[in-house]
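In what follows, a single structure is set out as structure tokens and then discussed.
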Amino acid sequence: MSGSVARLTDRQFRSIAELVEGHVGIKLPPAKRLMLEGRLQKRVRALNHSSVNEYAERLLDGDHLETELVHLIDCVTTNKTDFFREPSHFEFIRDIAVHELLGRRGRGSQDLKIWSAACSTGMEAYTTAIVLDNMLRSGSRFQFRILGTDISTSVLRLAKLGIYSKEMIAPVPDELAKRYFLRSRDKARSEVRIVPELRRTVNFMRMNLMDSKYPVDRDVDIIFCRNVLIYFDKATQRKVVDQLCSHLRPGGYLLVGHSESMIHQGSVGLKQVQPTIFKIESRS
């Protein structure tokens, strides 16, 4: 049977679904079966297997699991992102959050730490860097560092490169696009790259939100965790939100996606200030 025809058995689908949920918290209900089979075709071709059925057998026999797990996770994670996605968040940072956060410091450190959790290909992190650098050019006085983390190694490679198609930067205002993106000398490539000085303000590393500990500072000012919590069950959402909040300094902000505006319920010390923006007032 060809790879495009052969299907996962019920046992194989259940086993892979349990594997994925156990490692990254993402649920794969039966309705996601066709999607999973489609996404696994990339690995079927890469490993020269005859079908997803053969891929699953090799994966689940244990010998290949350790080396293949990271590739499986890359296949099943959704990496939808855009520059200036949910622009009200970046307006809030520019107009309110930065001034308030720095104002709480008095004469203390003027360093800001921002964490883009589930950063995908880096557009969220680089958008934040653009907004903050543009504030500095307008006279604000502070320094900033941005961390982007994701479970997917493939998207992190793209994020570190900072190379995007011209179509991807369509949401970026023209003035900012000219300032922060370099055009490819090869006209046929239709690519742009984040300027080096902005790339240096952002670091990327692999991290799983399901881990019991996060290798991240505990005085972060702003955390983005947008459009990933929806893939977790309620208990996992609560655990991840509480864990994220333990890395925010008092007065820091957690920004989530529009479909995640109710995630704060039950989280100690978390106050909703806008539908998708929360402030940590205390840490347990």
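Every chain in the structure tokens has a letter given in the order shown (A, B, ...), and although residue numbers restart at 1 in each chain, ligands are simply numbered from 1 in the order shown.
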Among segment 169-262 of chain A, which residues carry a DSSP assignment of helix (DSSP H, G or I), reported as a PyMOL selection string?
chain A and resi 169+174-180+187-189+196-199+229-231+234-245+258-260
Would you pick out the contacts of Glu124 of chain A at 8 Å or less, using only C-alpha atoms, so that residues sharing its chain but fewer than 5 positions from it are not included, and give the list as a ChimeraX atom specification?
/A:81-85,116,119
Go ahead and dump the residues you just picked, C-alpha atoms, as a PDB file, in the first residue's frame.
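Output file part22.pdb follows:
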```pdb
ATOM      1  CA  THR A  81       2.110  32.928  13.766  1.00  0.00           C
ATOM      2  CA  ASP A  82       2.380  36.366  12.167  1.00  0.00           C
ATOM      3  CA  PHE A  83       4.162  39.646  12.685  1.00  0.00           C
ATOM      4  CA  PHE A  84       2.022  42.019  14.786  1.00  0.00           C
ATOM      5  CA  ARG A  85      -0.532  39.282  15.428  1.00  0.00           C
ATOM      6  CA  SER A 116       7.875  34.539  24.116  1.00  0.00           C
ATOM      7  CA  CYS A 119       7.523  31.361  19.961  1.00  0.00           C
TER       8      CYS A 119
END
```
Excluding same-chain residues fewer than 2 positions from Ala17 of chain A, what lies within 8 Å of it counting only C-alpha atoms, as a PyMOL selection string?
chain A and resi 13-15+19-21+27-29
Could those residues be written to a file, using C-alpha atoms, as a PDB file, in the first residue's frame?
```
ATOM      1  CA  PHE A  13      -3.464   6.150  16.676  1.00  0.00           C
ATOM      2  CA  ARG A  14      -4.262   5.731  20.387  1.00  0.00           C
ATOM      3  CA  SER A  15      -0.613   4.992  21.187  1.00  0.00           C
ATOM      4  CA  LEU A  19       2.647   9.627  23.487  1.00  0.00           C
ATOM      5  CA  VAL A  20       2.059  13.174  22.271  1.00  0.00           C
ATOM      6  CA  GLU A  21      -0.190  14.127  25.188  1.00  0.00           C
ATOM      7  CA  LYS A  27      -4.672  16.228  22.974  1.00  0.00           C
ATOM      8  CA  LEU A  28      -5.344  14.343  19.730  1.00  0.00           C
ATOM      9  CA  PRO A  29      -9.006  13.266  19.777  1.00  0.00           C
TER      10      PRO A  29
END
```
Please build the interface table for segment 77-131 of chain A against segment 140-143 of chain A with a cut-off of 10 Å, listing for each qualifying residue the nearest atom pair and the distance in Å to one decimal; count only C-alpha atoms, order rows by chain and increasing number, and write it as a Markdown table.
```
| residue | atom | partner | partner_atom | distance |
| --- | --- | --- | --- | --- |
| A:Val98 | CA | A:Phe142 | CA | 9.2 |
| A:His99 | CA | A:Ser140 | CA | 9.2 |
| A:Leu102 | CA | A:Phe142 | CA | 8.2 |
| A:Ser109 | CA | A:Phe142 | CA | 8.6 |
| A:Gln110 | CA | A:Phe142 | CA | 5.0 |
| A:Asp111 | CA | A:Gln143 | CA | 4.7 |
| A:Leu112 | CA | A:Gln143 | CA | 6.1 |
| A:Lys113 | CA | A:Gln143 | CA | 8.8 |
```
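Close contacts of Leu8 of chain A, defined as residues with an atom at most 7 Å away when counting only C-alpha atoms, with chain neighbours fewer than 3 positions off set aside, comprise Gln12, Phe13, Val52 and Asn53 of chain A.
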The selected residues should be written to file as an mmCIF file, in the first residue's frame (atoms: N, CA and C atoms).
```
data_model
loop_
_atom_site.group_PDB
_atom_site.id
_atom_site.type_symbol
_atom_site.label_atom_id
_atom_site.label_comp_id
_atom_site.auth_asym_id
_atom_site.auth_seq_id
_atom_site.Cartn_x
_atom_site.Cartn_y
_atom_site.Cartn_z
ATOM 1 N N GLN A 12 -2.511 2.025 16.863
ATOM 2 C CA GLN A 12 -1.415 2.949 16.567
ATOM 3 C C GLN A 12 -1.816 4.393 16.857
ATOM 4 N N PHE A 13 -3.022 4.776 16.438
ATOM 5 C CA PHE A 13 -3.464 6.150 16.676
ATOM 6 C C PHE A 13 -3.548 6.440 18.171
ATOM 7 N N VAL A 52 2.293 5.324 6.605
ATOM 8 C CA VAL A 52 2.242 5.787 7.994
ATOM 9 C C VAL A 52 2.112 4.595 8.931
ATOM 10 N N ASN A 53 1.528 3.516 8.429
ATOM 11 C CA ASN A 53 1.406 2.302 9.225
ATOM 12 C C ASN A 53 2.785 1.750 9.580
#
```
Given only C-alpha atoms as the basis, pick out the residue of A:Leu182, A:Ala129, A:Ile230, A:Leu156 nearest to Arg199 of chain A.
A:Ala129
For His23 of chain A, list every protein, DNA or RNA residue within 12 Å, evaluated using only C-alpha atoms, and leave out those in the same chain fewer than 5 positions away; present the list as a PyMOL selection string.
chain A and resi 16-18+69-70+72-73+76-77+151+207-212+232+236
Using C-alpha atoms, can you write the selected residues to a file as a short mmCIF file (atom, residue, chain, number, x, y, z; two decimals), in the first residue's frame?
```cif
data_model
loop_
_atom_site.label_atom_id
_atom_site.label_comp_id
_atom_site.auth_asym_id
_atom_site.auth_seq_id
_atom_site.Cartn_x
_atom_site.Cartn_y
_atom_site.Cartn_z
CA ILE A 16 0.68 8.01 19.29
CA ALA A 17 -2.01 10.24 20.81
CA GLU A 18 -1.02 9.10 24.31
CA LEU A 69 10.23 11.73 19.21
CA VAL A 70 11.48 15.25 18.47
CA LEU A 72 7.07 13.50 15.75
CA ILE A 73 6.49 16.55 17.97
CA VAL A 76 2.00 17.51 15.33
CA THR A 77 2.58 20.98 16.78
CA ILE A 151 9.13 22.59 21.67
CA MET A 207 11.79 24.11 25.98
CA ASN A 208 8.72 22.04 26.76
CA LEU A 209 5.91 23.77 28.66
CA MET A 210 5.09 20.37 30.17
CA ASP A 211 8.44 20.24 31.99
CA SER A 212 8.32 20.40 35.79
CA PHE A 232 -4.25 21.50 26.80
CA THR A 236 -2.67 21.19 32.32
#
```
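Of the residues listed (A:Thr153, A:Ser184, A:Ser51, A:Thr201), A:Thr153 shows the shortest atom-to-atom separation from Cys75 of chain A; distances use only C-alpha atoms.
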